[in-house]
file work.txt (compact mmCIF, C-alpha atoms and all ligand atoms)
# COMPACT_ATOMS: atom_id res chain seq x y z
CA MET A 1 98.30 92.44 78.11
CA ALA A 2 95.41 91.46 75.87
CA VAL A 3 93.45 88.36 76.70
CA PRO A 4 93.39 86.38 73.41
CA GLY A 5 90.06 86.37 71.66
CA GLN A 6 88.18 88.11 74.43
CA GLN A 7 87.43 91.61 75.58
CA ARG A 8 87.93 91.43 79.29
CA LEU A 9 88.65 93.99 81.94
CA VAL A 10 92.19 93.36 83.14
CA VAL A 11 92.83 93.85 86.86
CA ILE A 12 96.24 93.43 88.50
CA SER A 13 96.69 93.08 92.27
CA VAL A 14 100.21 93.61 93.60
CA SER A 15 101.45 92.21 96.91
CA PRO A 16 103.39 94.48 99.31
CA GLN A 17 106.19 91.87 99.44
CA SER A 18 106.71 92.00 95.66
CA ARG A 19 106.69 95.79 95.76
CA ALA A 20 109.43 95.81 98.41
CA SER A 21 111.58 93.39 96.41
CA LEU A 22 111.29 95.53 93.25
CA ALA A 23 111.94 98.70 95.29
CA ALA A 24 115.24 97.19 96.50
CA ARG A 25 116.29 96.22 92.98
CA PHE A 26 115.51 99.62 91.45
CA GLN A 27 116.59 101.62 94.51
CA LEU A 28 113.24 103.35 94.77
CA ASN A 29 111.04 104.01 97.75
CA PRO A 30 107.95 101.76 98.03
CA THR A 31 105.46 104.50 97.10
CA ASP A 32 107.31 105.37 93.90
CA THR A 33 107.63 101.66 93.14
CA ALA A 34 103.86 101.19 93.53
CA ARG A 35 103.11 104.16 91.28
CA LYS A 36 105.65 103.22 88.63
CA LEU A 37 104.44 99.61 88.61
CA THR A 38 100.92 100.92 88.10
CA ALA A 39 102.19 102.96 85.14
CA PHE A 40 103.97 99.90 83.70
CA PHE A 41 100.96 97.60 83.95
CA LYS A 42 98.67 100.24 82.47
CA LYS A 43 101.10 100.71 79.58
CA LEU A 44 100.73 96.98 78.96
CA GLY A 45 96.95 97.31 78.86
CA ALA A 46 95.77 96.71 82.43
CA HIS A 47 92.67 98.70 83.35
CA TYR A 48 93.08 98.68 87.15
CA VAL A 49 96.01 98.05 89.49
CA PHE A 50 95.25 97.32 93.15
CA ASP A 51 97.25 96.67 96.30
CA THR A 52 96.66 93.41 98.20
CA ALA A 53 97.28 95.23 101.49
CA PHE A 54 93.60 96.19 101.13
CA SER A 55 92.40 92.59 100.94
CA ARG A 56 94.80 91.65 103.74
CA SER A 57 92.80 93.89 106.08
CA PHE A 58 89.80 91.57 105.59
CA SER A 59 91.98 88.47 106.03
CA LEU A 60 93.39 89.83 109.30
CA LEU A 61 89.99 90.88 110.66
CA GLU A 62 88.47 87.49 109.87
CA SER A 63 91.49 85.77 111.50
CA GLN A 64 91.04 87.86 114.66
CA ARG A 65 87.34 87.04 114.99
CA GLU A 66 87.89 83.36 114.22
CA PHE A 67 90.55 83.06 116.91
CA VAL A 68 88.42 84.69 119.61
CA ARG A 69 85.50 82.43 118.69
CA ARG A 70 87.64 79.28 118.81
CA PHE A 71 89.36 80.32 122.04
CA ARG A 72 85.99 80.88 123.70
CA GLY A 73 84.72 77.55 122.39
CA GLN A 74 87.82 75.53 123.28
CA ALA A 75 86.05 73.56 125.97
CA ASP A 76 83.59 72.26 123.36
CA SER A 77 86.17 71.07 120.87
CA LYS A 78 89.56 69.59 121.59
CA GLN A 79 90.70 70.46 118.09
CA ALA A 80 89.83 74.16 118.24
CA LEU A 81 93.31 75.15 119.42
CA PRO A 82 95.97 75.86 118.45
CA VAL A 83 94.76 77.83 115.46
CA LEU A 84 97.36 77.58 112.69
CA THR A 85 97.53 80.27 110.01
CA SER A 86 96.70 79.25 106.46
CA ALA A 87 97.84 82.15 104.26
CA CYS A 88 100.94 80.23 103.10
CA PRO A 89 100.11 77.69 100.34
CA GLY A 90 103.53 76.01 100.72
CA TRP A 91 102.56 75.06 104.26
CA ILE A 92 98.98 74.15 103.30
CA CYS A 93 100.14 71.78 100.54
CA TYR A 94 102.44 70.04 103.00
CA ALA A 95 99.75 69.87 105.68
CA GLU A 96 97.08 68.46 103.36
CA LYS A 97 99.41 65.91 101.79
CA THR A 98 101.28 64.76 104.85
CA HIS A 99 99.24 65.28 108.00
CA GLY A 100 95.71 66.00 106.73
CA SER A 101 93.52 64.63 109.51
CA LEU A 102 95.86 65.87 112.27
CA ILE A 103 96.33 69.42 111.04
CA ILE A 104 93.26 70.41 109.02
CA PRO A 105 90.98 70.92 112.05
CA HIS A 106 93.51 73.44 113.36
CA LEU A 107 93.86 75.51 110.19
CA SER A 108 92.40 78.98 110.14
CA THR A 109 89.62 79.11 107.56
CA ALA A 110 90.24 82.80 106.76
CA ARG A 111 91.23 83.20 103.11
CA SER A 112 94.69 84.54 102.31
CA PRO A 113 95.08 88.14 101.05
CA GLN A 114 95.41 86.83 97.49
CA GLN A 115 92.16 84.90 97.68
CA VAL A 116 90.24 87.63 99.50
CA MET A 117 91.36 89.87 96.64
CA GLY A 118 89.94 87.24 94.30
CA SER A 119 86.54 87.57 96.01
CA LEU A 120 86.73 91.35 96.01
CA VAL A 121 87.60 91.58 92.32
CA LYS A 122 85.33 88.83 90.95
CA ASP A 123 82.36 89.57 93.18
CA PHE A 124 82.31 93.12 94.57
CA PHE A 125 84.23 94.87 91.80
CA ALA A 126 82.47 92.90 89.05
CA GLN A 127 79.11 94.11 90.43
CA GLN A 128 80.40 97.69 90.54
CA GLN A 129 81.48 97.43 86.93
CA ARG A 130 78.20 95.70 85.96
CA LEU A 131 80.16 92.78 84.55
CA SER A 132 79.90 89.07 85.15
CA ALA A 133 82.94 87.60 86.89
CA ASP A 134 84.19 85.86 83.75
CA LYS A 135 84.49 89.22 81.99
CA ILE A 136 87.31 90.20 84.34
CA TYR A 137 90.81 88.79 83.97
CA HIS A 138 92.49 88.98 87.39
CA VAL A 139 96.27 88.77 87.70
CA THR A 140 98.16 88.86 91.02
CA VAL A 141 101.84 89.62 91.62
CA MET A 142 103.18 87.46 94.43
CA PRO A 143 106.48 86.61 96.18
CA CYS A 144 106.32 82.84 95.51
CA TYR A 145 105.36 80.16 92.99
CA ASP A 146 103.14 78.40 95.52
CA LYS A 147 100.59 81.18 95.14
CA LYS A 148 99.93 79.75 91.64
CA LEU A 149 98.88 76.48 93.31
CA GLU A 150 96.66 78.36 95.73
CA ALA A 151 94.88 80.23 92.91
CA SER A 152 94.25 76.95 91.07
CA ARG A 153 92.48 75.23 94.00
CA PRO A 154 88.95 74.07 93.04
CA ASP A 155 87.67 75.97 96.12
CA PHE A 156 88.42 79.23 94.29
CA PHE A 157 86.68 78.34 91.03
CA SER A 158 83.18 79.62 90.31
CA GLN A 159 81.03 76.93 88.67
CA GLU A 160 78.37 79.53 88.00
CA HIS A 161 80.63 81.80 85.97
CA GLN A 162 83.23 79.18 84.95
CA THR A 163 86.05 81.40 86.15
CA ARG A 164 88.72 81.52 88.85
CA ASP A 165 88.91 84.23 91.50
CA VAL A 166 92.52 84.73 90.40
CA ASP A 167 93.14 83.84 86.75
CA CYS A 168 96.91 84.19 86.68
CA VAL A 169 99.68 84.60 89.25
CA ILE A 170 103.04 86.07 88.32
CA THR A 171 105.98 86.20 90.68
CA THR A 172 108.10 89.26 91.42
CA GLY A 173 110.89 87.72 89.34
CA GLU A 174 108.49 87.26 86.41
CA VAL A 175 107.54 90.95 86.60
CA PHE A 176 111.23 91.80 86.49
CA LYS A 177 111.63 89.59 83.42
CA LEU A 178 108.63 91.28 81.81
CA LEU A 179 110.19 94.72 82.43
CA HIS A 180 113.38 93.46 80.83
CA GLU A 181 111.57 91.99 77.82
CA GLU A 182 109.66 95.23 77.30
CA GLY A 183 112.91 97.17 77.56
CA VAL A 184 111.54 99.24 80.45
CA SER A 185 113.43 100.45 83.51
CA LEU A 186 111.02 100.98 86.38
CA SER A 187 113.05 103.98 87.57
CA ALA A 188 112.53 105.80 84.26
CA LEU A 189 108.71 105.50 84.21
CA GLU A 190 106.41 108.41 85.05
CA PRO A 191 104.44 107.41 88.15
CA ALA A 192 100.68 106.83 87.84
CA PRO A 193 98.12 107.16 90.68
CA LEU A 194 97.10 103.98 92.49
CA ASP A 195 93.60 102.62 91.98
CA SER A 196 91.14 102.01 94.77
CA LEU A 197 88.63 99.17 94.83
CA CYS A 198 86.18 101.23 96.74
CA SER A 199 84.79 104.23 94.87
CA SER A 200 84.32 106.25 98.08
CA THR A 201 88.06 106.14 98.90
CA SER A 202 91.03 107.18 96.84
CA ALA A 203 94.25 105.18 97.14
CA GLN A 204 96.92 107.88 97.07
CA GLU A 205 99.68 105.80 98.58
CA PRO A 206 100.33 102.15 99.41
CA THR A 207 99.69 101.06 102.98
CA SER A 208 100.75 98.10 105.08
CA HIS A 209 100.16 96.37 108.42
CA ARG A 210 102.40 96.03 111.44
CA GLY A 211 103.88 92.71 112.46
CA GLY A 212 106.44 91.74 109.82
CA GLY A 213 106.71 90.81 106.17
CA SER A 214 104.45 87.75 106.25
CA GLY A 215 101.33 89.77 106.89
CA GLY A 216 101.39 90.32 110.65
CA TYR A 217 98.86 87.59 111.51
CA LEU A 218 100.39 86.76 114.91
CA GLU A 219 100.64 90.36 115.97
CA HIS A 220 97.12 91.39 114.95
CA VAL A 221 95.42 88.33 116.38
CA PHE A 222 97.46 88.64 119.60
CA ARG A 223 96.60 92.31 120.20
CA HIS A 224 92.95 91.79 119.35
CA ALA A 225 92.61 88.67 121.52
CA ALA A 226 94.39 90.32 124.47
CA TRP A 227 91.88 93.14 124.40
CA GLU A 228 88.76 91.19 123.48
CA LEU A 229 89.33 88.25 125.83
CA PHE A 230 91.22 89.82 128.75
CA GLY A 231 90.74 93.59 128.44
CA VAL A 232 94.51 94.10 128.05
CA HIS A 233 95.75 96.80 125.70
CA VAL A 234 99.10 95.57 124.30
CA THR A 235 101.37 98.48 123.38
CA GLU A 236 104.40 96.45 122.29
CA VAL A 237 104.52 92.81 121.21
CA THR A 238 107.71 91.19 122.53
CA TYR A 239 109.03 88.20 120.61
CA ARG A 240 111.20 85.63 122.39
CA PRO A 241 113.45 83.57 120.07
CA LEU A 242 113.46 79.84 120.83
CA ARG A 243 115.65 77.49 118.77
CA ASN A 244 116.38 80.11 116.09
CA LYS A 245 115.08 83.46 114.86
CA ASP A 246 112.46 81.68 112.75
CA PHE A 247 110.83 80.10 115.79
CA GLN A 248 109.75 82.71 118.31
CA GLU A 249 107.02 82.99 120.86
CA VAL A 250 104.91 85.70 122.42
CA THR A 251 103.01 85.45 125.69
CA LEU A 252 100.43 87.48 127.56
CA GLU A 253 100.75 86.92 131.28
CA ARG A 254 98.87 88.12 134.33
CA GLU A 255 100.04 87.46 137.90
CA GLY A 256 102.39 84.74 136.71
CA ARG A 257 99.70 82.96 134.70
CA VAL A 258 100.00 82.62 130.91
CA LEU A 259 96.80 83.85 129.33
CA LEU A 260 97.86 83.72 125.69
CA HIS A 261 100.73 81.73 124.20
CA PHE A 262 101.46 82.43 120.53
CA ALA A 263 104.34 81.41 118.26
CA MET A 264 105.69 81.93 114.77
CA ALA A 265 107.26 78.96 112.97
CA TYR A 266 108.94 79.74 109.65
CA GLY A 267 110.72 77.25 107.37
CA PHE A 268 110.19 73.48 107.19
CA ARG A 269 112.68 72.71 109.94
CA ASN A 270 110.52 74.60 112.43
CA ILE A 271 107.27 73.38 110.88
CA GLN A 272 108.34 69.77 111.41
CA ASN A 273 109.12 70.58 115.00
CA LEU A 274 105.66 72.09 115.43
CA VAL A 275 103.99 69.07 113.82
CA GLN A 276 105.86 66.74 116.20
CA LYS A 277 104.51 68.72 119.15
CA LEU A 278 100.97 68.42 117.75
CA LYS A 279 101.38 64.67 117.16
CA ARG A 280 102.48 64.13 120.73
CA GLY A 281 99.65 66.28 122.05
CA ARG A 282 102.25 68.60 123.52
CA CYS A 283 101.74 71.81 121.61
CA PRO A 284 101.52 74.58 124.20
CA TYR A 285 100.36 77.29 121.80
CA HIS A 286 97.00 78.90 121.23
CA TYR A 287 97.97 80.31 117.84
CA VAL A 288 100.88 79.79 115.45
CA GLU A 289 101.81 81.90 112.41
CA VAL A 290 103.20 79.26 110.07
CA MET A 291 105.16 80.14 106.92
CA ALA A 292 107.09 77.72 104.70
CA CYS A 293 109.94 80.07 103.77
CA PRO A 294 112.74 80.73 106.25
CA ALA A 295 112.42 84.44 107.19
CA GLY A 296 108.88 84.47 105.73
CA CYS A 297 107.33 85.98 102.62
CA LEU A 298 109.88 88.73 101.99
CA ASN A 299 112.28 85.85 101.33
CA GLY A 300 109.84 83.94 99.07
CA GLY A 301 111.12 81.80 96.21
CA GLY A 302 109.69 84.18 93.60
CA GLN A 303 111.43 87.28 94.95
CA LEU A 304 114.37 88.88 93.19
CA LYS A 305 117.89 87.68 93.82
CA ALA A 306 120.84 90.03 93.42
CA PRO A 307 123.93 88.42 91.90
CA ASP A 308 126.31 90.90 93.50
CA THR A 309 124.62 91.28 96.92
CA ALA A 310 124.74 88.67 99.67
CA GLY A 311 121.32 87.13 100.34
CA LYS A 312 121.24 88.34 103.93
CA GLU A 313 122.10 91.90 102.99
CA LEU A 314 119.46 91.97 100.26
CA LEU A 315 116.81 90.59 102.62
CA GLN A 316 117.64 93.30 105.17
CA ASP A 317 117.19 95.93 102.48
CA VAL A 318 113.85 94.45 101.38
CA GLU A 319 112.72 94.33 105.03
CA ARG A 320 113.74 97.97 105.52
CA LEU A 321 111.79 99.07 102.45
CA TYR A 322 108.78 96.97 103.42
CA GLY A 323 108.84 98.61 106.86
CA MET A 324 108.91 102.14 105.37
CA VAL A 325 105.28 101.97 104.30
CA ARG A 326 102.72 103.59 106.58
CA THR A 327 100.83 100.96 108.56
CA GLU A 328 97.22 101.08 109.58
CA ALA A 329 94.98 98.87 111.69
CA PRO A 330 92.86 96.66 109.43
CA GLU A 331 89.63 97.99 110.97
CA ASP A 332 90.73 101.55 110.13
CA THR A 333 91.51 100.83 106.48
CA PRO A 334 89.30 103.22 104.48
CA GLY A 335 86.54 101.30 102.76
CA VAL A 336 86.71 98.15 104.90
CA ARG A 337 83.81 99.02 107.22
CA GLU A 338 81.79 100.21 104.28
CA LEU A 339 82.31 96.96 102.38
CA TYR A 340 81.40 94.84 105.40
CA GLY A 341 78.04 96.59 105.28
CA ARG A 342 77.46 97.16 101.58
CA TRP A 343 79.02 94.06 100.08
CA LEU A 344 79.06 91.42 102.80
CA GLN A 345 75.82 92.30 104.60
CA GLY A 346 77.55 92.57 107.97
CA GLU A 347 80.31 90.95 109.99
CA GLY A 348 79.79 87.25 110.57
CA SER A 349 77.13 87.06 107.83
CA GLU A 350 76.66 84.04 105.58
CA ARG A 351 78.12 86.10 102.71
CA ALA A 352 81.22 87.02 104.72
CA SER A 353 81.71 83.38 105.58
CA ARG A 354 81.31 82.26 101.96
CA LEU A 355 83.48 84.96 100.38
CA LEU A 356 86.19 85.37 103.02
CA HIS A 357 86.68 81.80 104.27
CA THR A 358 87.61 78.47 102.72
CA SER A 359 88.12 74.81 103.60
CA TYR A 360 90.93 72.26 103.33
CA HIS A 361 91.06 68.69 102.15
CA ALA A 362 93.29 65.83 103.19
CA VAL A 363 94.98 64.34 100.13
CA GLU A 364 94.52 60.59 100.03
CA LYS A 365 97.83 58.84 99.69
CA ALA A 366 97.87 56.85 96.45
CA SER A 367 98.26 53.18 97.27
CA SER A 368 101.64 51.88 96.28
CA ASN A 369 101.84 49.75 93.13
CA LEU A 370 104.06 47.39 95.05
CA SER A 371 101.19 46.39 97.27
CA ILE A 372 99.08 45.25 94.31
CA ARG A 373 99.01 41.48 94.04
CA TRP A 374 98.74 40.10 90.55
S1 LIG A 401 106.14 81.88 103.25
FE1 LIG A 401 107.00 81.54 101.22
S2 LIG A 401 105.71 79.93 100.26
FE2 LIG A 401 104.59 80.78 102.02
S3 LIG A 401 103.28 82.39 101.15
FE3 LIG A 401 105.16 83.37 101.91
S4 LIG A 401 106.49 83.43 100.12
FE4 LIG A 401 104.88 81.95 99.65
call {"tool": "encode", "arguments": {"input": "work.txt", "output": "structure tokens", "more": "lines below"}}
Ligand code: SF4
result
Amino acid sequence: MAVPGQQRLVVISVSPQSRASLAARFQLNPTDTARKLTAFFKKLGAHYVFDTAFSRSFSLLESQREFVRRFRGQADSKQALPVLTSACPGWICYAEKTHGSLIIPHLSTARSPQQVMGSLVKDFFAQQQRLSADKIYHVTVMPCYDKKLEASRPDFFSQEHQTRDVDCVITTGEVFKLLHEEGVSLSALEPAPLDSLCSSTSAQEPTSHRGGGSGGYLEHVFRHAAWELFGVHVTEVTYRPLRNKDFQEVTLEREGRVLLHFAMAYGFRNIQNLVQKLKRGRCPYHYVEVMACPAGCLNGGGQLKAPDTAGKELLQDVERLYGMVRTEAPEDTPGVRELYGRWLQGEGSERASRLLHTSYHAVEKASSNLSIRW
């Protein structure tokens, strides 16, 4: 995996969703898959292989704080709520192109796990390695093609170093193709230890977060908000399906009064429904986890298909493997507290805002040629 004409440090960040898809294909457990993938990438010349579950901890923590702040400030701004998640670039593209001015004020500004990883690698890790950001070539392994679009957004390009936070995105299917081209079976590889971004912690095994295969945004923000805003410790989050299993809601109630009203809307059918509610000013939710793919990221367009297994059966297997990984609360992830202090100069700092948040832009509709009068 040489970068033509340049000596650069090659860093690969693997998403937990891609790992689960490969685990299902090779009939491995997720930990072995992570270690064997590390061995494969290192054989190809990568210097470090990281897990984007680490960067997701920052994305979740920033989402939690942002929601509480916007909930508390809702009286000041009509557009503060609902907060809509923004980690799915398929949804963001649609929102910016189709309903920019309506939706953008509602989008969470927290960067997605991929783009937080971009900041971690090109800023924190580059400093650790005493390299400028352009001397690192950062590749991510993701469950969909839309992540390529996300990485190429101008917001994630450093003018100073003339480099992107994520230089190249490959899908799970493209990793599979690469294995095939190299004549390598993942199962046959000797496992290699996982790398850790933070020198004070050692990544012995992959970790994950509770709340489903799309990152668990709803669940983490809900639990945190229930405690922070109402002093309620939520032991179990109960989802109530609405029109279909991809549109569900969660409520926190006290004495018959709804305190928090959250929803998940997956797939464009449900997204359009949500947008209609927003347009009519009849969206009852405080927070919505929005994902473009039906069934969410484990079912992303870049994940592996199995010719001889029914789609539903394969997805269940991928979900089972994804759920096997030990979960931890984002605030308990080793290294996260340390980096908030050492790298970001504290929670809520200007640095945290610059490196862990982003902004969105309505795409002007090109005027139709037909309207031009000659
Ligand atoms: S829901 Fe689909 S398009 Fe969106 S981030 Fe997940 S895999 Fe990608």
call {"tool": "residues_near_ligand", "arguments": {"input": "work.txt", "ligand": "ligand LIG 401 (chain A)", "cutoff": "7 Å", "atoms": "only C-alpha atoms and all ligand atoms", "output": "PyMOL selection string"}}
result
chain A and resi 87-91+143-147+214+291-293+296-301
call {"tool": "residues_around", "arguments": {"input": "work.txt", "residues": "Lys36 in chain A", "least_positions_apart": "6", "cutoff": "7 Å", "atoms": "all atoms listed in the file", "output": "PDB file with C-alpha atoms, in the frame of the given file"}}
result
ATOM      1  CA  LEU A 186     111.020 100.980  86.380  1.00  0.00           C
ATOM      2  CA  LEU A 189     108.710 105.500  84.210  1.00  0.00           C
ATOM      3  CA  GLU A 190     106.410 108.410  85.050  1.00  0.00           C
ATOM      4  CA  PRO A 191     104.440 107.410  88.150  1.00  0.00           C
ATOM      5  CA  ALA A 192     100.680 106.830  87.840  1.00  0.00           C
TER       6      ALA A 192
END
call {"tool": "closest_residue", "arguments": {"input": "work.txt", "among": "A:Glu182, A:Glu66, A:Glu347, A:Glu328", "to": "Gly211 in chain A", "atoms": "only C-alpha atoms"}}
result
A:Glu328
call {"tool": "atom_distance", "arguments": {"input": "work.txt", "atom1": "CA of Ala80 in chain A", "atom2": "CA of His106 in chain A"}}
result
6.2 Å
call {"tool": "closest_residue", "arguments": {"input": "work.txt", "among": "A:Ile12, A:Pro330, A:Ser77, A:Val49", "to": "Ile170 in chain A", "atoms": "only C-alpha atoms"}}
result
A:Ile12
call {"tool": "residues_around", "arguments": {"input": "work.txt", "residues": "Leu314 in chain A", "least_positions_apart": "4", "cutoff": "10 Å", "atoms": "all atoms listed in the file", "output": "number ranges by chain"}}
result
A: 21, 24-25, 299, 304-306, 308-310, 318-320
call {"tool": "write_last_selection", "arguments": {"input": "work.txt", "atoms": "C-alpha atoms", "output": "short mmCIF file (atom, residue, chain, number, x, y, z; two decimals), in the coordinates of the input"}}
result
data_model
loop_
_atom_site.label_atom_id
_atom_site.label_comp_id
_atom_site.auth_asym_id
_atom_site.auth_seq_id
_atom_site.Cartn_x
_atom_site.Cartn_y
_atom_site.Cartn_z
CA SER A 21 111.58 93.39 96.41
CA ALA A 24 115.24 97.19 96.50
CA ARG A 25 116.29 96.22 92.98
CA ASN A 299 112.28 85.85 101.33
CA LEU A 304 114.37 88.88 93.19
CA LYS A 305 117.89 87.68 93.82
CA ALA A 306 120.84 90.03 93.42
CA ASP A 308 126.31 90.90 93.50
CA THR A 309 124.62 91.28 96.92
CA ALA A 310 124.74 88.67 99.67
CA VAL A 318 113.85 94.45 101.38
CA GLU A 319 112.72 94.33 105.03
CA ARG A 320 113.74 97.97 105.52
#
call {"tool": "residues_around", "arguments": {"input": "work.txt", "residues": "Pro154 in chain A", "least_positions_apart": "6", "cutoff": "12 Å", "atoms": "all atoms listed in the file", "output": "list of chain:residue names"}}
result
A:Gln162, A:Thr163, A:Arg164, A:Asp165, A:Val166, A:Thr358, A:Ser359, A:Tyr360, A:His361
call {"tool": "residues_around", "arguments": {"input": "work.txt", "residues": "Val116 in chain A", "least_positions_apart": "3", "cutoff": "8 Å", "atoms": "all atoms listed in the file", "output": "PyMOL selection string"}}
result
chain A and resi 55-56+58-59+111-113+119-120+355-356
call {"tool": "closest_residue", "arguments": {"input": "work.txt", "among": "A:Val288, A:Leu28, A:Cys168, A:Val221", "to": "Phe247 in chain A", "atoms": "all atoms listed in the file"}}
result
A:Val288
call {"tool": "closest_residue", "arguments": {"input": "work.txt", "among": "A:Ala329, A:Ala225, A:Ala362, A:Glu313", "to": "Ile104 in chain A", "atoms": "only C-alpha atoms"}}
result
A:Ala362
call {"tool": "closest_residue", "arguments": {"input": "work.txt", "among": "A:Lys279, A:Arg351, A:Lys312, A:Arg65", "to": "Ile103 in chain A", "atoms": "only C-alpha atoms"}}
result
A:Lys279
call {"tool": "atom_distance", "arguments": {"input": "work.txt", "atom1": "CA of Phe262 in chain A", "atom2": "CA of Gly281 in chain A"}}
result
16.3 Å
call {"tool": "atom_distance", "arguments": {"input": "work.txt", "atom1": "CA of Phe41 in chain A", "atom2": "CA of Asp332 in chain A"}}
result
28.4 Å
call {"tool": "closest_residue", "arguments": {"input": "work.txt", "among": "A:Val290, A:Ala352, A:Leu197, A:Val10", "to": "Ser108 in chain A", "atoms": "all atoms listed in the file"}}
result
A:Val290
